[in-house]
$ cat final-v3.pdb   # PDB, C-alpha atoms (C1' of nucleotides)
MODEL        1
ATOM      1  CA  MET U 113     210.645 -65.568   7.931
ATOM      2  CA  GLU U 114     207.809 -67.999   7.490
ATOM      3  CA  GLY U 115     207.389 -68.188  11.229
ATOM      4  CA  ILE U 116     208.061 -71.894  11.145
ATOM      5  CA  GLY U 117     210.742 -73.636  13.108
ATOM      6  CA  HIS U 118     212.634 -70.998  15.036
ATOM      7  CA  ASP U 119     215.551 -72.553  16.839
ATOM      8  CA  TYR U 120     215.660 -72.577  20.601
ATOM      9  CA  GLU U 121     218.431 -70.016  20.787
ATOM     10  CA  PHE U 122     216.192 -67.539  19.046
ATOM     11  CA  LEU U 123     213.339 -68.254  21.446
ATOM     12  CA  GLU U 124     215.606 -68.084  24.478
ATOM     13  CA  ASN U 125     216.697 -64.673  23.333
ATOM     14  CA  MET U 126     213.151 -63.379  23.147
ATOM     15  CA  LEU U 127     212.755 -64.250  26.816
ATOM     16  CA  ALA U 128     216.182 -63.131  27.969
ATOM     17  CA  LYS U 129     215.808 -59.727  26.351
ATOM     18  CA  LYS U 130     212.809 -59.138  28.606
ATOM     19  CA  ASN U 131     214.470 -60.549  31.710
ATOM     20  CA  LEU U 132     212.123 -63.481  31.810
ATOM     21  CA  LYS U 133     213.606 -66.739  32.957
ATOM     22  CA  VAL U 134     214.065 -69.409  30.344
ATOM     23  CA  THR U 135     212.128 -72.515  31.326
ATOM     24  CA  PRO U 136     211.293 -75.597  29.321
ATOM     25  CA  GLN U 137     207.596 -74.767  29.566
ATOM     26  CA  ARG U 138     208.094 -71.331  28.059
ATOM     27  CA  LEU U 139     210.273 -72.645  25.275
ATOM     28  CA  GLN U 140     207.723 -75.291  24.460
ATOM     29  CA  ILE U 141     204.938 -72.728  24.314
ATOM     30  CA  LEU U 142     206.939 -70.471  22.037
ATOM     31  CA  ALA U 143     208.123 -73.322  19.849
ATOM     32  CA  LEU U 144     204.591 -74.570  19.269
ATOM     33  CA  ILE U 145     203.149 -71.163  18.558
ATOM     34  CA  GLY U 146     206.053 -70.491  16.227
ATOM     35  CA  GLN U 147     205.483 -73.763  14.458
ATOM     36  CA  PHE U 148     201.718 -73.531  14.023
ATOM     37  CA  GLY U 149     201.463 -69.782  13.553
ATOM     38  CA  HIS U 150     198.362 -69.206  15.673
ATOM     39  CA  LEU U 151     197.002 -71.280  18.511
ATOM     40  CA  ASP U 152     194.380 -70.787  21.183
ATOM     41  CA  ILE U 153     194.865 -71.871  24.779
ATOM     42  CA  ASP U 154     193.189 -75.249  24.351
ATOM     43  CA  GLU U 155     195.009 -76.117  21.152
ATOM     44  CA  LEU U 156     198.235 -75.169  22.839
ATOM     45  CA  TYR U 157     197.460 -77.230  25.912
ATOM     46  CA  ALA U 158     196.526 -80.248  23.792
ATOM     47  CA  LYS U 159     199.731 -80.064  21.776
ATOM     48  CA  ILE U 160     202.007 -79.298  24.655
ATOM     49  CA  THR U 161     200.805 -82.164  26.829
ATOM     50  CA  LYS U 162     201.795 -84.639  24.156
ATOM     51  CA  ASP U 163     205.484 -83.955  24.731
ATOM     52  CA  TYR U 164     205.187 -82.587  28.223
ATOM     53  CA  PRO U 165     202.315 -84.339  30.003
ATOM     54  CA  TYR U 166     202.685 -82.671  33.371
ATOM     55  CA  ILE U 167     202.466 -79.021  32.451
ATOM     56  CA  SER U 168     199.677 -77.199  34.257
ATOM     57  CA  LEU U 169     197.002 -75.188  32.520
ATOM     58  CA  ALA U 170     197.608 -72.464  35.087
ATOM     59  CA  THR U 171     201.209 -72.245  33.936
ATOM     60  CA  ILE U 172     200.072 -71.785  30.373
ATOM     61  CA  TYR U 173     197.691 -69.014  31.369
ATOM     62  CA  LYS U 174     200.318 -67.286  33.466
ATOM     63  CA  ASN U 175     202.898 -67.467  30.730
ATOM     64  CA  ILE U 176     200.654 -66.397  27.911
ATOM     65  CA  SER U 177     199.665 -63.442  29.982
ATOM     66  CA  ILE U 178     203.184 -62.397  30.880
ATOM     67  CA  MET U 179     204.410 -62.880  27.329
ATOM     68  CA  VAL U 180     201.600 -60.782  25.910
ATOM     69  CA  GLU U 181     202.449 -58.029  28.374
ATOM     70  CA  ASN U 182     206.056 -58.220  27.249
ATOM     71  CA  ASP U 183     205.168 -58.119  23.555
ATOM     72  CA  ILE U 184     206.611 -61.528  22.927
ATOM     73  CA  LEU U 185     203.221 -62.827  21.944
ATOM     74  CA  ASN U 186     200.468 -61.076  20.118
ATOM     75  CA  GLU U 187     196.831 -61.656  21.011
ATOM     76  CA  ILE U 188     194.504 -62.207  18.047
ATOM     77  CA  LYS U 189     190.877 -61.856  19.002
ATOM     78  CA  ILE U 190     188.558 -63.225  16.378
ATOM     79  CA  ALA U 191     184.796 -62.710  16.189
ATOM     80  CA  GLN U 192     182.863 -65.835  17.220
ATOM     81  CA  GLU U 193     186.052 -67.734  17.999
ATOM     82  CA  LYS U 194     188.566 -68.231  20.730
ATOM     83  CA  THR U 195     191.445 -65.851  21.166
ATOM     84  CA  LYS U 196     194.580 -67.016  19.415
ATOM     85  CA  TYR U 197     198.213 -66.135  19.941
ATOM     86  CA  GLU U 198     201.084 -65.633  17.530
ATOM     87  CA  LEU U 199     204.722 -64.645  17.941
ATOM     88  CA  SER U 200     204.820 -60.900  17.719
ATOM     89  CA  THR U 201     207.879 -61.181  15.484
ATOM     90  CA  ASN U 202     205.520 -62.277  12.773
ATOM     91  CA  ALA U 203     202.518 -60.120  13.487
ATOM     92  CA  HIS U 204     200.352 -60.102  10.405
ATOM     93  CA  ALA U 205     197.045 -59.061   9.072
ATOM     94  CA  HIS U 206     194.756 -62.075   8.882
ATOM     95  CA  PHE U 207     192.224 -63.532   6.526
ATOM     96  CA  ILE U 208     189.723 -65.661   8.438
ATOM     97  CA  CYS U 209     187.538 -68.111   6.576
ATOM     98  CA  THR U 210     184.217 -68.103   8.388
ATOM     99  CA  ASN U 211     183.431 -71.476   6.892
ATOM    100  CA  CYS U 212     186.475 -73.638   7.666
ATOM    101  CA  LYS U 213     187.941 -71.278  10.312
ATOM    102  CA  LYS U 214     191.347 -71.321   8.701
ATOM    103  CA  ILE U 215     193.515 -68.281   9.320
ATOM    104  CA  GLU U 216     195.840 -67.061   6.606
ATOM    105  CA  ASP U 217     198.550 -64.505   7.167
ATOM    106  CA  LEU U 218     198.496 -61.476   4.898
ATOM    107  CA  ASN U 219     201.241 -59.038   4.158
ATOM    108  CA  ILE U 220     199.316 -55.848   3.923
ATOM    109  CA  ASP U 221     200.779 -52.415   3.781
ATOM    110  CA  VAL U 222     198.920 -50.370   6.361
ATOM    111  CA  ASN U 223     200.177 -47.002   5.234
ATOM    112  CA  CYS U 224     197.214 -46.337   2.989
ATOM    113  CA  ILE U 225     195.053 -46.562   6.087
ATOM    114  CA  LEU U 226     197.171 -44.336   8.249
ATOM    115  CA  GLU U 227     197.485 -41.505   5.756
ATOM    116  CA  GLY U 228     196.013 -38.420   7.301
ATOM    117  CA  PHE U 229     195.246 -40.190  10.549
ATOM    118  CA  ASP U 230     195.102 -37.588  13.300
ATOM    119  CA  LYS U 231     193.366 -39.139  16.302
ATOM    120  CA  GLY U 232     196.576 -39.911  18.151
ATOM    121  CA  SER U 233     199.850 -41.764  17.937
ATOM    122  CA  VAL U 234     199.679 -45.236  16.509
ATOM    123  CA  ALA U 235     201.246 -48.237  18.177
ATOM    124  CA  TYR U 236     199.735 -51.104  16.291
ATOM    125  CA  VAL U 237     197.236 -51.745  13.528
ATOM    126  CA  ASN U 238     195.058 -54.840  13.535
ATOM    127  CA  ILE U 239     193.459 -55.858  10.269
ATOM    128  CA  GLN U 240     191.191 -58.854   9.895
ATOM    129  CA  ILE U 241     189.407 -59.788   6.702
ATOM    130  CA  TYR U 242     186.506 -62.184   7.149
ATOM    131  CA  GLY U 243     185.117 -64.164   4.249
ATOM    132  CA  THR U 244     185.101 -67.502   2.481
ATOM    133  CA  CYS U 245     188.397 -68.911   1.325
ATOM    134  CA  ASN U 246     188.913 -70.125  -2.233
ATOM    135  CA  ALA U 247     188.971 -73.765  -1.197
ATOM    136  CA  CYS U 248     185.606 -73.480   0.572
ATOM    137  CA  GLN U 249     184.090 -71.601  -2.333
ATOM    138  CA  THR U 250     184.906 -74.204  -4.948
ATOM    139  CA  LYS U 251     183.532 -76.939  -2.684
ATOM    140  CA  LYS U 252     180.049 -75.468  -2.774
TER     141      LYS U 252
ATOM    142  CA  MET Y 160     173.847 -41.215  11.206
ATOM    143  CA  GLU Y 161     175.832 -40.622  14.338
ATOM    144  CA  GLY Y 162     174.427 -43.831  15.776
ATOM    145  CA  ILE Y 163     172.841 -41.903  18.624
ATOM    146  CA  GLY Y 164     169.200 -41.982  19.472
ATOM    147  CA  HIS Y 165     167.506 -44.203  16.967
ATOM    148  CA  ASP Y 166     163.780 -44.191  17.498
ATOM    149  CA  TYR Y 167     162.020 -47.349  18.589
ATOM    150  CA  GLU Y 168     160.350 -47.851  15.238
ATOM    151  CA  PHE Y 169     163.759 -48.130  13.631
ATOM    152  CA  LEU Y 170     164.884 -50.654  16.218
ATOM    153  CA  GLU Y 171     161.660 -52.634  15.962
ATOM    154  CA  ASN Y 172     162.243 -52.902  12.257
ATOM    155  CA  MET Y 173     165.699 -54.342  12.690
ATOM    156  CA  LEU Y 174     164.158 -57.168  14.705
ATOM    157  CA  ALA Y 175     161.047 -57.652  12.564
ATOM    158  CA  LYS Y 176     163.079 -57.919   9.375
ATOM    159  CA  LYS Y 177     164.810 -60.945  10.905
ATOM    160  CA  ASN Y 178     161.590 -62.460  12.272
ATOM    161  CA  LEU Y 179     162.679 -61.904  15.824
ATOM    162  CA  LYS Y 180     159.973 -60.965  18.247
ATOM    163  CA  VAL Y 181     159.969 -57.417  19.502
ATOM    164  CA  THR Y 182     160.274 -57.416  23.280
ATOM    165  CA  PRO Y 183     160.966 -54.570  25.674
ATOM    166  CA  GLN Y 184     164.231 -56.246  26.696
ATOM    167  CA  ARG Y 185     165.466 -56.369  23.122
ATOM    168  CA  LEU Y 186     164.476 -52.792  22.440
ATOM    169  CA  GLN Y 187     166.236 -51.663  25.571
ATOM    170  CA  ILE Y 188     169.411 -53.493  24.594
ATOM    171  CA  LEU Y 189     169.396 -52.002  21.133
ATOM    172  CA  ALA Y 190     168.524 -48.526  22.359
ATOM    173  CA  LEU Y 191     171.412 -48.498  24.824
ATOM    174  CA  ILE Y 192     173.949 -49.847  22.375
ATOM    175  CA  GLY Y 193     172.726 -47.341  19.812
ATOM    176  CA  GLN Y 194     173.035 -44.545  22.296
ATOM    177  CA  PHE Y 195     176.487 -45.367  23.645
ATOM    178  CA  GLY Y 196     178.007 -46.725  20.470
ATOM    179  CA  HIS Y 197     179.835 -49.671  21.990
ATOM    180  CA  LEU Y 198     179.128 -51.525  25.201
ATOM    181  CA  ASP Y 199     180.316 -54.766  26.740
ATOM    182  CA  ILE Y 200     177.989 -57.186  28.507
ATOM    183  CA  ASP Y 201     178.616 -55.802  31.967
ATOM    184  CA  GLU Y 202     178.249 -52.178  30.967
ATOM    185  CA  LEU Y 203     175.047 -53.089  29.219
ATOM    186  CA  TYR Y 204     173.727 -54.996  32.219
ATOM    187  CA  ALA Y 205     174.566 -52.136  34.556
ATOM    188  CA  LYS Y 206     172.816 -49.572  32.382
ATOM    189  CA  ILE Y 207     169.825 -51.695  31.575
ATOM    190  CA  THR Y 208     169.039 -52.621  35.163
ATOM    191  CA  LYS Y 209     168.648 -48.947  36.032
ATOM    192  CA  ASP Y 210     165.464 -48.696  33.997
ATOM    193  CA  TYR Y 211     164.552 -52.330  34.012
ATOM    194  CA  PRO Y 212     165.723 -53.889  37.279
ATOM    195  CA  TYR Y 213     164.399 -57.379  36.708
ATOM    196  CA  ILE Y 214     166.058 -58.299  33.459
ATOM    197  CA  SER Y 215     168.122 -61.435  33.677
ATOM    198  CA  LEU Y 216     171.750 -61.630  32.639
ATOM    199  CA  ALA Y 217     170.895 -64.852  30.833
ATOM    200  CA  THR Y 218     168.431 -62.930  28.702
ATOM    201  CA  ILE Y 219     171.102 -60.457  27.764
ATOM    202  CA  TYR Y 220     173.489 -63.222  26.786
ATOM    203  CA  LYS Y 221     170.831 -65.012  24.763
ATOM    204  CA  ASN Y 222     169.805 -61.866  22.967
ATOM    205  CA  ILE Y 223     173.272 -60.611  22.236
ATOM    206  CA  SER Y 224     174.061 -63.979  20.787
ATOM    207  CA  ILE Y 225     170.986 -64.196  18.598
ATOM    208  CA  MET Y 226     171.386 -60.623  17.404
ATOM    209  CA  VAL Y 227     175.014 -61.178  16.476
ATOM    210  CA  GLU Y 228     174.002 -64.255  14.492
ATOM    211  CA  ASN Y 229     171.387 -62.174  12.714
ATOM    212  CA  ASP Y 230     173.812 -59.347  11.929
ATOM    213  CA  ILE Y 231     171.865 -56.872  13.977
ATOM    214  CA  LEU Y 232     174.801 -56.440  16.300
ATOM    215  CA  ASN Y 233     178.466 -56.481  15.510
ATOM    216  CA  GLU Y 234     180.975 -58.021  17.891
ATOM    217  CA  ILE Y 235     184.119 -55.963  18.491
ATOM    218  CA  LYS Y 236     186.861 -57.967  20.130
ATOM    219  CA  ILE Y 237     189.596 -55.803  21.541
ATOM    220  CA  ALA Y 238     193.007 -56.947  22.721
ATOM    221  CA  GLN Y 239     193.262 -56.962  26.542
ATOM    222  CA  GLU Y 240     189.663 -55.856  26.952
ATOM    223  CA  LYS Y 241     186.168 -57.223  27.051
ATOM    224  CA  THR Y 242     184.246 -57.820  23.891
ATOM    225  CA  LYS Y 243     182.019 -54.914  22.950
ATOM    226  CA  TYR Y 244     178.970 -54.711  20.742
ATOM    227  CA  GLU Y 245     177.756 -52.064  18.314
ATOM    228  CA  LEU Y 246     174.780 -51.799  15.972
ATOM    229  CA  SER Y 247     175.897 -53.289  12.708
ATOM    230  CA  THR Y 248     174.242 -50.384  10.904
ATOM    231  CA  ASN Y 249     177.130 -48.304  12.078
ATOM    232  CA  ALA Y 250     179.974 -50.743  11.793
ATOM    233  CA  HIS Y 251     183.201 -48.790  11.820
ATOM    234  CA  ALA Y 252     186.890 -49.093  12.004
ATOM    235  CA  HIS Y 253     188.024 -48.232  15.517
ATOM    236  CA  PHE Y 254     190.798 -46.328  17.181
ATOM    237  CA  ILE Y 255     191.434 -47.672  20.658
ATOM    238  CA  CYS Y 256     193.397 -45.615  23.129
ATOM    239  CA  THR Y 257     195.401 -48.102  25.175
ATOM    240  CA  ASN Y 258     195.737 -45.520  27.906
ATOM    241  CA  CYS Y 259     192.191 -44.325  28.605
ATOM    242  CA  LYS Y 260     190.467 -47.218  26.753
ATOM    243  CA  LYS Y 261     188.293 -44.851  24.783
ATOM    244  CA  ILE Y 262     187.060 -46.146  21.429
ATOM    245  CA  GLU Y 263     186.655 -43.738  18.550
ATOM    246  CA  ASP Y 264     184.854 -44.593  15.347
ATOM    247  CA  LEU Y 265     186.799 -44.078  12.159
ATOM    248  CA  ASN Y 266     185.502 -43.751   8.645
ATOM    249  CA  ILE Y 267     188.183 -45.556   6.745
ATOM    250  CA  ASP Y 268     187.999 -46.592   3.143
ATOM    251  CA  VAL Y 269     189.007 -50.234   3.054
ATOM    252  CA  ASN Y 270     189.439 -50.454  -0.675
ATOM    253  CA  CYS Y 271     193.140 -49.710  -0.585
ATOM    254  CA  ILE Y 272     193.515 -52.833   1.513
ATOM    255  CA  LEU Y 273     191.415 -55.068  -0.647
ATOM    256  CA  GLU Y 274     193.114 -54.162  -3.918
ATOM    257  CA  GLY Y 275     194.529 -57.311  -5.400
ATOM    258  CA  PHE Y 276     193.190 -59.470  -2.599
ATOM    259  CA  ASP Y 277     192.813 -63.001  -3.909
ATOM    260  CA  LYS Y 278     192.488 -65.325  -0.917
ATOM    261  CA  GLY Y 279     188.715 -65.611  -1.151
ATOM    262  CA  SER Y 280     185.506 -63.615  -1.122
ATOM    263  CA  VAL Y 281     185.288 -60.873   1.459
ATOM    264  CA  ALA Y 282     182.348 -60.465   3.808
ATOM    265  CA  TYR Y 283     183.666 -57.982   6.320
ATOM    266  CA  VAL Y 284     186.842 -56.092   7.130
ATOM    267  CA  ASN Y 285     187.776 -55.322  10.711
ATOM    268  CA  ILE Y 286     190.300 -52.574  11.291
ATOM    269  CA  GLN Y 287     191.523 -51.562  14.718
ATOM    270  CA  ILE Y 288     194.177 -48.964  15.338
ATOM    271  CA  TYR Y 289     195.729 -49.068  18.791
ATOM    272  CA  GLY Y 290     197.631 -46.132  20.200
ATOM    273  CA  THR Y 291     197.454 -43.137  22.480
ATOM    274  CA  CYS Y 292     194.770 -40.561  21.826
ATOM    275  CA  ASN Y 293     195.569 -36.859  21.549
ATOM    276  CA  ALA Y 294     193.980 -36.069  24.899
ATOM    277  CA  CYS Y 295     196.131 -38.639  26.697
ATOM    278  CA  GLN Y 296     199.259 -37.486  24.923
ATOM    279  CA  THR Y 297     198.956 -33.880  25.940
ATOM    280  CA  LYS Y 298     198.311 -34.884  29.541
ATOM    281  CA  LYS Y 299     201.738 -36.461  29.832
TER     282      LYS Y 299
ATOM    283  C1'  DC R  84     146.547 -70.633  20.277
ATOM    284  C1'  DT R  85     151.123 -71.541  18.806
ATOM    285  C1'  DT R  86     155.594 -70.158  18.857
ATOM    286  C1'  DC R  87     159.053 -67.939  20.908
ATOM    287  C1'  DA R  88     161.227 -65.114  24.841
ATOM    288  C1'  DT R  89     161.992 -64.525  29.712
ATOM    289  C1'  DG R  90     163.905 -65.452  34.218
ATOM    290  C1'  DC R  91     165.508 -68.349  37.519
ATOM    291  C1'  DA R  92     168.606 -71.572  39.344
ATOM    292  C1'  DA R  93     171.888 -74.787  38.353
ATOM    293  C1'  DA R  94     175.610 -76.411  35.475
ATOM    294  C1'  DA R  95     179.487 -75.892  32.765
ATOM    295  C1'  DA R  96     183.475 -73.475  31.028
ATOM    296  C1'  DA R  97     187.149 -70.300  31.361
ATOM    297  C1'  DT R  98     190.362 -67.848  34.033
ATOM    298  C1'  DT R  99     192.735 -66.461  38.306
ATOM    299  C1'  DT R 100     194.791 -67.010  42.795
ATOM    300  C1'  DG R 101     197.488 -68.716  46.980
ATOM    301  C1'  DC R 102     200.887 -71.342  48.429
ATOM    302  C1'  DA R 103     204.386 -75.037  48.987
ATOM    303  C1'  DT R 104     208.013 -76.792  46.082
ATOM    304  C1'  DT R 105     211.378 -76.514  42.519
ATOM    305  C1'  DT R 106     214.203 -74.257  39.091
ATOM    306  C1'  DT R 107     216.860 -70.466  37.138
ATOM    307  C1'  DG R 108     220.395 -66.931  36.947
TER     308       DG R 108
ATOM    309  C1'  DC J 260     221.251 -68.129  47.471
ATOM    310  C1'  DA J 261     217.714 -64.933  46.032
ATOM    311  C1'  DA J 262     214.230 -64.235  42.904
ATOM    312  C1'  DA J 263     211.109 -66.102  40.034
ATOM    313  C1'  DA J 264     208.425 -70.080  37.875
ATOM    314  C1'  DT J 265     205.828 -74.331  38.448
ATOM    315  C1'  DG J 266     201.857 -77.189  39.645
ATOM    316  C1'  DC J 267     198.132 -78.188  42.267
ATOM    317  C1'  DA J 268     193.729 -77.312  44.237
ATOM    318  C1'  DA J 269     190.455 -74.052  45.256
ATOM    319  C1'  DA J 270     188.159 -69.852  44.260
ATOM    320  C1'  DT J 271     186.338 -66.711  41.118
ATOM    321  C1'  DT J 272     184.411 -65.114  36.926
ATOM    322  C1'  DT J 273     182.089 -65.757  32.686
ATOM    323  C1'  DT J 274     178.894 -68.044  29.847
ATOM    324  C1'  DT J 275     175.440 -71.623  28.826
ATOM    325  C1'  DT J 276     171.488 -74.609  29.634
ATOM    326  C1'  DG J 277     166.847 -76.612  31.055
ATOM    327  C1'  DC J 278     162.561 -75.719  32.134
ATOM    328  C1'  DA J 279     158.254 -73.559  33.914
ATOM    329  C1'  DT J 280     155.871 -69.310  33.072
ATOM    330  C1'  DG J 281     154.450 -65.425  30.386
ATOM    331  C1'  DA J 282     154.225 -62.477  26.181
ATOM    332  C1'  DA J 283     154.134 -61.738  21.047
ATOM    333  C1'  DG J 284     152.377 -62.463  16.491
TER     334       DG J 284
ENDMDL
END

$ encode --input "final-v3.pdb" --output "structure tokens"
Amino acid sequence: MEGIGHDYEFLENMLAKKNLKVTPQRLQILALIGQFGHLDIDELYAKITKDYPYISLATIYKNISIMVENDILNEIKIAQEKTKYELSTNAHAHFICTNCKKIEDLNIDVNCILEGFDKGSVAYVNIQIYGTCNACQTKK
Amino acid sequence: MEGIGHDYEFLENMLAKKNLKVTPQRLQILALIGQFGHLDIDELYAKITKDYPYISLATIYKNISIMVENDILNEIKIAQEKTKYELSTNAHAHFICTNCKKIEDLNIDVNCILEGFDKGSVAYVNIQIYGTCNACQTKK
DNA sequence: CTTCATGCAAAAAATTTGCATTTTG
DNA sequence: CAAAATGCAAATTTTTTGCATGAAG
């Protein structure tokens, strides 16, 4: 529930359910994103090459792309920063500290926003709160 | 108030207030974004070169960047699509139709989300609702 | 007349593609 | 085995930079 440390069986299932082949590269990608919560392509590449030095950047791009299409990963685009990815099983609202760049997950109830919404059918709501985190504020 | 057709004096003021020089290129950029609501770099370049064929893409990049830093423009990053820009005077929540890609502005009260928020001080709240718009739904 | 913006070309960064080889189901 | 994934190198796309020239305050 904290998004940390899913076992491999769980990750294999995410792939199998979508008829995607289970490869060590894919499991590694999912395991790292699961462990760290949100990673961008470069962070992922840096971490993954530590355990798996021969993975290709192209493979990471291809897999991120196919997993986003299959709703296994969720793309988080952040103003002024690189796109990050999280497991869609723990899709959250996010608080982004514009000072230290830390991202915190928020459990926000979106219903108050959707009340009376009539522009169409809703698939997904993305909420990002930008500001200065408590730690950064006390430092100043 | 509808973000359409600001006069040049208004746009000049946005720049002057930030001590940015008023140039025809900058006014053109702001006028087009004001008129269309949200544009990405390529859309902007395509539109701007119609009236102003010799503007350089580098100039657009430099200006977008400096205007975002100065809070004149607001960056809207959208999953699976190119980053768009709007005048920050009409920053909105957005409904994005994943079918026809249309972006609709929403006037949403964010207070219900911020109630009890205690992770830090809030500068800006970004809300994006993804789904299928009414027009696309009836077509199917 | 000083500071800043523009435009060009070149460089750098980010992403995508084709294809031979290997792995998975 | 057939279908799909990998890894490499090359191609493409996107964004940034340096610098000479021109415009704004």

$ residues_around --input "final-v3.pdb" --residues "Ile208 in chain U" --least-positions-apart "4" --cutoff "12 Å" --atoms "all atoms listed in the file" --output "ChimeraX atom specification"
/U:150,188-193,212-218,239-246,248 /Y:278-285

$ resolve_selection --input "final-v3.pdb" --expression "the PyMOL selection byres ((chain R) within 9 of (chain U))" --output "list of chain:residue names"
R:DT98, R:DT99, R:DT106, R:DT107, R:DG108

$ write_last_selection --input "final-v3.pdb" --atoms "C-alpha atoms (C1' of nucleotides)" --output "CSV table (one decimal), keeping the file's coordinate frame"
chain,number,residue,atom,x,y,z
R,98,DT,C1',190.4,-67.8,34.0
R,99,DT,C1',192.7,-66.5,38.3
R,106,DT,C1',214.2,-74.3,39.1
R,107,DT,C1',216.9,-70.5,37.1
R,108,DG,C1',220.4,-66.9,36.9

$ resolve_selection --input "final-v3.pdb" --expression "the PyMOL selection byres ((chain J) within 8 of (chain Y))" --output "MDAnalysis selection string"
chainID J and resid 274 283:284

$ atom_distance --input "final-v3.pdb" --atom1 "CA of Ile200 in chain Y" --atom2 "CA of Ser215 in chain Y"
11.9 Å

$ resolve_selection --input "final-v3.pdb" --expression "the PyMOL selection byres ((chain Y and resi 187) around 10)" --output "list in words"
Tyr167, Leu170, Thr182, Pro183, Gln184, Arg185, Leu186, Ile188, Leu189, Ala190, Leu191, Ile192, Gly193, Leu203, Lys206, Ile207, Asp210 and Tyr211 of chain Y

$ closest_residue --input "final-v3.pdb" --among "R:DA97, R:DA92, R:DC87, R:DC102" --to "DT271 in chain J" --atoms "all atoms listed in the file"
R:DA97
